[in-house]
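Shown below: model_21.txt, with compact mmCIF, C-alpha atoms.
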```
# COMPACT_ATOMS: atom_id res chain seq x y z
CA MET Z 88 168.77 70.83 29.74
CA ARG Z 89 169.72 70.07 33.30
CA LEU Z 90 170.96 72.39 36.03
CA ILE Z 91 173.94 70.83 37.75
CA ALA Z 92 176.25 71.83 40.60
CA ILE Z 93 179.83 72.59 39.59
CA ASN Z 94 180.96 69.92 42.05
CA SER Z 95 178.90 67.35 40.12
CA LEU Z 96 180.38 68.19 36.71
CA GLN Z 97 182.23 65.46 34.86
CA PRO Z 98 184.60 65.78 31.88
CA GLY Z 99 182.77 64.94 28.65
CA MET Z 100 179.52 66.66 29.61
CA LYS Z 101 178.34 69.36 27.21
CA LEU Z 102 177.24 72.88 28.08
CA GLY Z 103 173.51 73.60 27.74
CA LYS Z 104 173.60 77.43 27.70
CA LYS Z 105 176.17 80.10 26.92
CA ILE Z 106 178.35 81.41 29.75
CA TYR Z 107 179.37 85.07 29.72
CA ASN Z 108 182.46 86.65 31.25
CA GLU Z 109 182.61 89.87 33.29
CA ASP Z 110 182.59 92.01 30.13
CA GLY Z 111 179.45 90.38 28.78
CA ILE Z 112 181.37 88.44 26.14
CA VAL Z 113 180.53 84.79 25.48
CA LEU Z 114 183.13 82.70 27.26
CA LEU Z 115 181.69 79.26 26.43
CA SER Z 116 179.04 78.43 23.84
CA GLU Z 117 176.29 75.84 23.88
CA ASN Z 118 177.48 72.27 23.40
CA ALA Z 119 181.04 73.13 24.43
CA GLU Z 120 182.56 69.98 25.89
CA ILE Z 121 183.46 70.20 29.56
CA ASN Z 122 186.99 69.22 30.60
CA ASP Z 123 189.00 69.46 33.81
CA ALA Z 124 190.48 72.85 32.87
CA ILE Z 125 187.03 74.32 32.24
CA ILE Z 126 185.72 72.94 35.52
CA ARG Z 127 188.61 74.57 37.39
CA ARG Z 128 188.00 77.84 35.57
CA LEU Z 129 184.28 77.88 36.35
CA ARG Z 130 184.98 77.09 39.99
CA HIS Z 131 187.61 79.84 40.13
CA HIS Z 132 185.09 82.38 38.84
CA GLY Z 133 182.59 81.46 41.53
CA LEU Z 134 179.89 79.73 39.47
CA ASP Z 135 177.97 77.20 41.56
CA TYR Z 136 175.60 75.82 38.89
CA ILE Z 137 175.52 75.59 35.10
CA TYR Z 138 173.15 74.09 32.54
CA ILE Z 139 174.33 70.98 30.72
CA ALA Z 140 172.87 69.31 27.65
CA ASP Z 141 171.16 65.94 28.23
CA HIS Z 142 169.07 64.20 25.56
CA ARG Z 143 166.77 62.82 28.26
CA THR Z 144 165.75 66.37 29.17
CA ASP Z 145 165.85 68.05 25.75
CA ASP Z 146 162.15 68.90 25.96
CA ILE Z 147 162.42 70.63 29.34
CA GLN Z 148 162.13 74.35 28.71
CA ILE Z 149 163.98 76.81 30.94
CA SER Z 150 161.84 79.95 31.18
CA GLU Z 151 163.61 83.28 31.56
CA MET Z 152 162.10 86.15 33.52
CA ILE Z 153 162.96 88.65 30.75
CA GLU Z 154 164.26 88.57 27.18
CA GLU Z 155 167.95 87.72 26.88
CA THR Z 156 168.54 90.93 24.89
CA THR Z 157 166.99 92.99 27.69
CA ARG Z 158 169.08 91.18 30.29
CA ARG Z 159 172.36 91.70 28.41
CA ARG Z 160 171.49 95.37 27.79
CA ALA Z 161 170.72 95.87 31.49
CA LEU Z 162 173.97 94.28 32.62
CA ASN Z 163 175.92 96.35 30.11
CA GLU Z 164 174.32 99.61 31.26
CA LEU Z 165 174.98 98.73 34.89
CA ARG Z 166 178.58 97.80 34.08
CA VAL Z 167 179.30 100.96 32.07
CA ASN Z 168 177.57 103.44 34.37
CA PHE Z 169 178.65 101.94 37.68
CA LYS Z 170 182.27 101.88 36.46
CA LYS Z 171 181.97 105.63 35.81
CA LEU Z 172 180.77 106.09 39.36
CA MET Z 173 183.70 104.07 40.70
CA GLU Z 174 186.13 106.60 39.25
CA PRO Z 175 187.32 109.41 41.53
CA ALA Z 176 184.99 112.38 41.18
CA MET Z 177 185.28 116.08 41.90
CA LYS Z 178 183.20 117.47 44.74
CA GLY Z 179 179.72 118.48 43.62
CA VAL Z 180 179.75 116.43 40.44
CA VAL Z 181 176.33 115.33 39.13
CA TYR Z 182 175.36 112.32 37.04
CA PRO Z 183 172.43 113.53 34.89
CA TYR Z 184 172.54 110.39 32.74
CA LEU Z 185 171.43 108.11 35.58
CA GLY Z 186 167.73 108.99 35.53
CA LYS Z 187 167.31 108.83 31.76
CA THR Z 188 169.37 105.68 31.29
CA PHE Z 189 167.89 103.58 34.07
CA SER Z 190 164.28 104.79 33.83
CA GLY Z 191 164.12 103.64 30.20
CA LEU Z 192 165.77 100.37 31.12
CA VAL Z 193 163.30 99.69 33.92
CA GLU Z 194 160.37 100.41 31.59
CA SER Z 195 161.70 97.77 29.17
CA ILE Z 196 161.97 95.25 32.03
CA VAL Z 197 158.42 96.03 33.17
CA ASP Z 198 157.18 95.41 29.62
CA ASP Z 199 159.05 92.09 29.44
CA LEU Z 200 157.69 90.90 32.77
CA SER Z 201 154.16 91.97 31.84
CA SER Z 202 154.26 89.67 28.82
CA ARG Z 203 155.07 86.65 31.02
CA GLU Z 204 151.94 85.83 32.97
CA ASP Z 205 153.44 82.72 34.58
CA ALA Z 206 156.79 84.30 35.48
CA MET Z 207 158.26 83.23 38.80
CA ILE Z 208 161.33 84.24 40.77
CA MET Z 209 164.12 82.03 39.46
CA MET Z 210 167.80 81.55 40.22
CA MET Z 211 169.54 84.16 38.07
CA ASN Z 212 173.20 83.62 38.95
CA ILE Z 213 173.96 80.71 36.65
CA ASP Z 214 175.40 81.66 33.27
CA SER Z 215 177.27 84.89 33.92
CA MET Z 216 180.54 85.84 35.58
CA ASP Z 217 179.55 89.49 35.81
CA HIS Z 218 180.75 91.51 38.78
CA TYR Z 219 178.52 90.77 41.77
CA LEU Z 220 177.28 94.37 42.05
CA TYR Z 221 175.94 94.43 38.47
CA ARG Z 222 174.20 91.04 38.64
CA HIS Z 223 172.83 91.73 42.09
CA SER Z 224 171.39 95.11 41.04
CA LEU Z 225 169.59 93.54 38.08
CA ASN Z 226 168.35 90.51 39.99
CA VAL Z 227 166.92 92.58 42.84
CA CYS Z 228 165.19 94.77 40.27
CA LEU Z 229 163.65 91.74 38.53
CA TYR Z 230 162.49 90.03 41.72
CA THR Z 231 161.06 93.23 43.17
CA LEU Z 232 159.22 94.19 39.97
CA LEU Z 233 157.65 90.75 39.70
CA LEU Z 234 156.36 91.07 43.26
CA GLY Z 235 155.17 94.60 42.53
CA GLN Z 236 153.19 93.41 39.53
CA VAL Z 237 151.54 90.65 41.53
CA TYR Z 238 150.82 93.11 44.33
CA GLY Z 239 149.00 95.36 41.84
CA TYR Z 240 151.12 98.49 41.52
CA SER Z 241 150.41 100.81 38.57
CA LYS Z 242 152.96 101.02 35.76
CA GLU Z 243 154.09 104.40 37.10
CA ASP Z 244 154.70 102.96 40.55
CA LEU Z 245 156.40 99.91 39.07
CA THR Z 246 158.85 102.16 37.24
CA LEU Z 247 159.61 103.98 40.49
CA LEU Z 248 159.93 100.69 42.37
CA GLY Z 249 162.16 99.16 39.70
CA LEU Z 250 164.38 102.22 39.56
CA GLY Z 251 164.83 102.16 43.32
CA ALA Z 252 165.54 98.43 43.25
CA MET Z 253 168.07 98.65 40.42
CA LEU Z 254 169.95 101.49 42.10
CA HIS Z 255 169.54 100.35 45.71
CA ASP Z 256 173.23 99.45 46.08
CA ILE Z 257 174.65 102.31 44.01
CA GLY Z 258 176.43 103.60 47.11
CA LYS Z 259 178.73 100.57 46.95
CA THR Z 260 180.42 102.14 43.92
CA LYS Z 261 182.07 104.49 46.43
CA VAL Z 262 183.16 101.78 48.91
CA PRO Z 263 186.83 100.72 48.59
CA ARG Z 264 187.14 97.58 46.44
CA ASP Z 265 189.43 95.83 48.90
CA VAL Z 266 186.79 96.20 51.61
CA LEU Z 267 183.80 95.32 49.43
CA ASN Z 268 185.46 92.15 48.08
CA LYS Z 269 187.38 91.08 51.16
CA PRO Z 270 187.35 87.24 51.35
CA SER Z 271 187.81 87.09 55.11
CA GLN Z 272 185.89 88.46 58.07
CA LEU Z 273 185.50 92.24 58.13
CA THR Z 274 186.84 94.30 60.98
CA ASP Z 275 184.42 96.58 62.82
CA GLU Z 276 185.87 99.54 60.93
CA GLU Z 277 185.49 97.81 57.55
CA PHE Z 278 181.89 96.80 58.30
CA ALA Z 279 181.16 100.42 59.22
CA GLN Z 280 182.49 101.41 55.78
CA ILE Z 281 180.20 98.88 54.07
CA LYS Z 282 177.18 100.17 56.00
CA GLN Z 283 177.83 103.68 54.72
CA HIS Z 284 176.69 102.63 51.23
CA THR Z 285 173.06 103.36 52.14
CA GLU Z 286 173.76 106.99 53.00
CA ILE Z 287 176.18 107.41 50.11
CA GLY Z 288 173.60 106.02 47.70
CA PHE Z 289 170.93 108.39 49.00
CA LYS Z 290 173.22 111.38 48.59
CA LEU Z 291 174.12 110.28 45.06
CA LEU Z 292 170.51 109.97 43.97
CA LYS Z 293 168.42 112.50 45.88
CA ASP Z 294 169.33 115.54 43.78
CA GLU Z 295 169.87 113.82 40.43
CA PRO Z 296 167.63 114.89 37.52
CA GLY Z 297 165.18 112.13 36.64
CA ILE Z 298 165.64 110.24 39.92
CA PRO Z 299 162.49 110.53 42.07
CA LEU Z 300 163.04 110.93 45.80
CA LYS Z 301 161.21 107.61 46.44
CA ALA Z 302 163.89 105.79 44.45
CA ALA Z 303 166.61 107.54 46.45
CA HIS Z 304 164.93 106.40 49.66
CA CYS Z 305 165.17 102.77 48.45
CA ALA Z 306 168.94 103.15 48.50
CA TYR Z 307 168.71 104.78 51.93
CA GLN Z 308 166.32 102.34 53.61
CA HIS Z 309 166.78 98.85 52.15
CA HIS Z 310 168.76 97.71 55.20
CA GLU Z 311 166.21 99.01 57.69
CA ARG Z 312 164.21 96.29 59.46
CA ILE Z 313 160.64 96.50 60.74
CA ASN Z 314 161.70 95.83 64.36
CA GLY Z 315 164.09 98.79 64.26
CA GLY Z 316 167.17 96.59 64.15
CA GLY Z 317 168.42 97.78 60.76
CA TYR Z 318 170.54 100.70 59.57
CA PRO Z 319 171.33 103.53 59.02
CA ARG Z 320 168.56 105.12 61.14
CA GLY Z 321 166.93 102.22 62.97
CA LEU Z 322 163.51 102.91 61.44
CA LYS Z 323 160.55 100.73 62.39
CA GLY Z 324 157.47 99.37 60.59
CA ASP Z 325 155.70 101.99 58.47
CA GLU Z 326 158.52 104.47 59.05
CA ILE Z 327 160.26 102.49 56.30
CA HIS Z 328 158.95 103.22 52.81
CA GLU Z 329 156.94 100.31 51.39
CA PHE Z 330 159.24 100.03 48.36
CA ALA Z 331 162.27 99.58 50.64
CA ARG Z 332 160.43 96.86 52.59
CA TRP Z 333 160.02 94.84 49.38
CA ILE Z 334 163.66 95.39 48.45
CA ALA Z 335 164.82 94.28 51.90
CA ILE Z 336 163.48 90.79 51.09
CA THR Z 337 164.72 90.51 47.50
CA ASP Z 338 168.12 92.00 48.36
CA ALA Z 339 168.69 89.44 51.13
CA PHE Z 340 167.44 86.54 48.97
CA ASP Z 341 169.70 87.35 46.04
CA ALA Z 342 172.70 87.89 48.29
CA MET Z 343 172.20 84.46 49.85
CA THR Z 344 171.69 82.66 46.52
CA THR Z 345 174.78 84.22 44.92
CA HIS Z 346 178.33 82.92 45.29
CA ARG Z 347 180.44 85.40 47.25
CA VAL Z 348 184.16 85.54 47.85
CA TYR Z 349 183.60 84.47 51.45
CA ARG Z 350 180.96 81.74 51.00
CA PRO Z 351 179.21 79.60 48.34
CA ALA Z 352 175.63 80.21 47.26
CA MET Z 353 172.60 78.81 49.05
CA LEU Z 354 169.81 77.11 47.14
CA PRO Z 355 166.43 78.90 47.01
CA HIS Z 356 164.73 76.71 49.61
CA GLN Z 357 167.63 77.24 52.01
CA ALA Z 358 167.55 81.02 51.56
CA LEU Z 359 163.77 81.00 52.10
CA GLU Z 360 164.25 79.26 55.44
CA VAL Z 361 166.68 82.00 56.53
CA LEU Z 362 164.25 84.72 55.44
CA TYR Z 363 161.44 83.10 57.42
CA ALA Z 364 163.64 83.08 60.50
CA GLY Z 365 163.27 86.87 60.35
CA CYS Z 366 159.53 86.88 59.61
CA GLY Z 367 157.73 89.50 61.69
CA GLU Z 368 161.02 90.84 63.04
CA TRP Z 369 163.03 91.85 60.01
CA TYR Z 370 160.52 91.31 57.20
CA GLU Z 371 156.75 91.74 56.90
CA LYS Z 372 154.85 88.46 57.01
CA SER Z 373 152.47 89.38 54.18
CA LYS Z 374 155.30 90.46 51.86
CA LEU Z 375 157.34 87.37 52.68
CA GLU Z 376 154.34 85.12 51.96
CA LEU Z 377 153.82 86.76 48.56
CA PHE Z 378 157.50 86.27 47.82
CA ARG Z 379 157.30 82.59 48.83
CA ASP Z 380 154.24 81.98 46.68
CA HIS Z 381 155.96 83.33 43.56
CA MET Z 382 159.38 81.78 43.97
CA ALA Z 383 160.60 78.66 42.19
CA ILE Z 384 161.85 76.82 45.27
CA TYR Z 385 163.14 74.00 43.06
CA PRO Z 386 164.23 75.57 39.74
CA VAL Z 387 163.38 73.86 36.46
CA GLY Z 388 166.28 71.61 35.49
CA MET Z 389 167.49 71.08 39.07
CA THR Z 390 168.46 67.52 40.01
CA VAL Z 391 166.48 66.28 43.02
CA ASP Z 392 166.26 63.14 45.17
CA LEU Z 393 162.84 61.66 45.93
CA SER Z 394 161.61 59.83 49.01
CA THR Z 395 161.18 56.75 46.79
CA GLY Z 396 164.97 56.60 46.39
CA GLU Z 397 164.70 57.70 42.75
CA ARG Z 398 166.56 60.67 41.34
CA GLY Z 399 165.38 63.03 38.64
CA VAL Z 400 165.16 66.55 37.25
CA VAL Z 401 162.49 69.19 37.86
CA ALA Z 402 160.61 69.31 34.56
CA LYS Z 403 157.80 71.75 35.32
CA ILE Z 404 156.65 74.02 38.14
CA HIS Z 405 153.03 74.47 39.16
CA LYS Z 406 152.61 78.17 39.83
CA ALA Z 407 149.95 77.56 42.48
CA ILE Z 408 152.08 74.99 44.36
CA PRO Z 409 155.73 75.54 43.36
CA HIS Z 410 157.02 73.17 46.06
CA ARG Z 411 155.25 70.22 44.33
CA PRO Z 412 156.77 70.20 40.79
CA VAL Z 413 156.72 67.64 38.02
CA VAL Z 414 159.93 65.56 38.21
CA ARG Z 415 161.50 63.65 35.30
CA VAL Z 416 162.78 60.44 36.95
CA LEU Z 417 166.17 59.43 35.49
CA THR Z 418 167.51 56.79 37.88
CA ASN Z 419 165.88 54.04 39.94
CA PRO Z 420 166.36 53.58 43.72
CA ASP Z 421 169.55 51.61 43.05
CA GLY Z 422 171.08 54.51 41.14
CA VAL Z 423 170.76 52.79 37.75
CA ASP Z 424 169.92 55.01 34.77
CA LEU Z 425 166.47 54.30 33.35
CA LYS Z 426 166.21 53.39 29.68
CA SER Z 427 162.81 55.07 29.59
CA PRO Z 428 162.66 58.07 31.98
CA TYR Z 429 159.16 59.07 33.13
CA ASP Z 430 157.51 62.02 34.87
CA ILE Z 431 156.00 62.09 38.34
CA ASP Z 432 153.64 64.96 39.16
CA LEU Z 433 154.16 65.61 42.86
CA SER Z 434 151.00 67.72 42.96
CA ASN Z 435 148.95 64.52 42.81
CA ARG Z 436 151.49 62.06 44.23
CA LEU Z 437 151.35 63.43 47.77
CA SER Z 438 153.11 60.40 49.26
CA VAL Z 439 156.30 61.31 47.36
CA VAL Z 440 158.43 64.23 48.51
CA ILE Z 441 161.73 65.83 47.53
CA THR Z 442 164.37 64.81 50.09
CA GLY Z 443 167.52 66.30 48.58
CA VAL Z 444 168.84 68.69 45.94
CA ASP Z 445 172.03 68.38 43.90
CA GLY Z 446 174.70 70.57 45.46
CA ALA Z 447 172.79 71.31 48.65
CA LYS Z 448 175.45 69.94 50.96
CA GLU Z 449 178.16 71.89 49.23
CA ALA Z 450 176.04 75.05 49.29
CA ILE Z 451 175.61 75.09 53.05
CA LYS Z 452 179.17 74.24 54.14
```
Could I get this file's structure written as structure tokens?
Amino acid sequence: MRLIAINSLQPGMKLGKKIYNEDGIVLLSENAEINDAIIRRLRHHGLDYIYIADHRTDDIQISEMIEETTRRRALNELRVNFKKLMEPAMKGVVYPYLGKTFSGLVESIVDDLSSREDAMIMMMNIDSMDHYLYRHSLNVCLYTLLLGQVYGYSKEDLTLLGLGAMLHDIGKTKVPRDVLNKPSQLTDEEFAQIKQHTEIGFKLLKDEPGIPLKAAHCAYQHHERINGGGYPRGLKGDEIHEFARWIAITDAFDAMTTHRVYRPAMLPHQALEVLYAGCGEWYEKSKLELFRDHMAIYPVGMTVDLSTGERGVVAKIHKAIPHRPVVRVLTNPDGVDLKSPYDIDLSNRLSVVITGVDGAKEAIK
């Protein structure tokens, strides 16, 4: 399979992986033929990249961070339970199902990640049209748990960390939809409403059965920054809980690499550059370095341009040096398709570098 930007799609191409709609139902199946109507529909729903079938890359395996069944279950639980929270509620209402439901879900995700020794942080916003809040909550949970495993947290701490990460934006269920999804610039008053989601989330979680206070503080503190420039309380450095400092990084990364109503998605290497602009000011250097070292800067299947003038597809990532992948070369410097594609391992071809990525120009407009 190949990962291709929507703007590079051509009628006649065939889909490489299923695409799900907002209700978790399969919208398009593998090998569905792409036509102009489908391209318009995908673009309308905000997808930036999809997998297409290509016989030249049939042997390239796309690794998932967790089992597909776990992923679909997680998105469904988020969808069902967050929709309940979006409904008007009586004063003093409690949500006793939150702790039981999401603790068990996080434990399943921890087990899945533990079985994948070579797992890396991958682009997760490719084959689903789920509501941004559901996808974002799951993605941040996955990215944060992977970092927590590498960092060496115990399973008990990982469950706490994952629960806090999955529910970090739960306060947004109480923010008006027209403000949360506004496609144009927010007014000062509207931005103030958005910022309230941290305090709302904390109040929702802090007294709930089965929700540890540490997890509630993740919702409260994930927009704090180590230089004191965050919100809601302007906390600095170690005043911010360590779990929230991890989530600050993964939350920002996933937001940047996800299509939003007001801007297209960035590619991973672009988002990493933005994160590093805040290194030492907004984010801890050591945490950001660990994140960088376990992120697939160039995802498997992504089309890339090489300094040789050739173009190919990322075929394999070296975990130790993810920025120097194996590339399956498909076209020569003149843009002619090769009859016999071949692989170049950039880890030992140091004179060759990646100079461009399919869709990058569109992603940063």
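The list of residues with at least one atom within 6 Å of stretch 352-369 of chain Z, based on all atoms listed in the file and without residues fewer than 4 positions apart in the same chain, reads Arg312, Ile313, Asn314, Met343, Thr344, Thr345, His346, Ile384 and Ala450 of chain Z.
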Which of Z:Ile431, Z:Ile112, Z:Ile257, Z:Ile93 sits closest to Z:Asn168 [using only C-alpha atoms]: Z:Ile257
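You will find atom CA of Z:Tyr429 at 12.6 Å from atom CA of Z:Ile147.
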Residue contacts of Z:Phe278 (12 Å, all atoms listed in the file) excluding same-chain residues fewer than 2 positions away, as a PyMOL selection string: chain Z and resi 262-263+266-269+271-276+280-284
Atom CA of Z:His328 to atom CA of Z:Tyr307, straight-line distance in Å: 9.9 Å
Atom CA of Z:Phe340 to atom CA of Z:Arg127, straight-line distance in Å: 26.9 Å
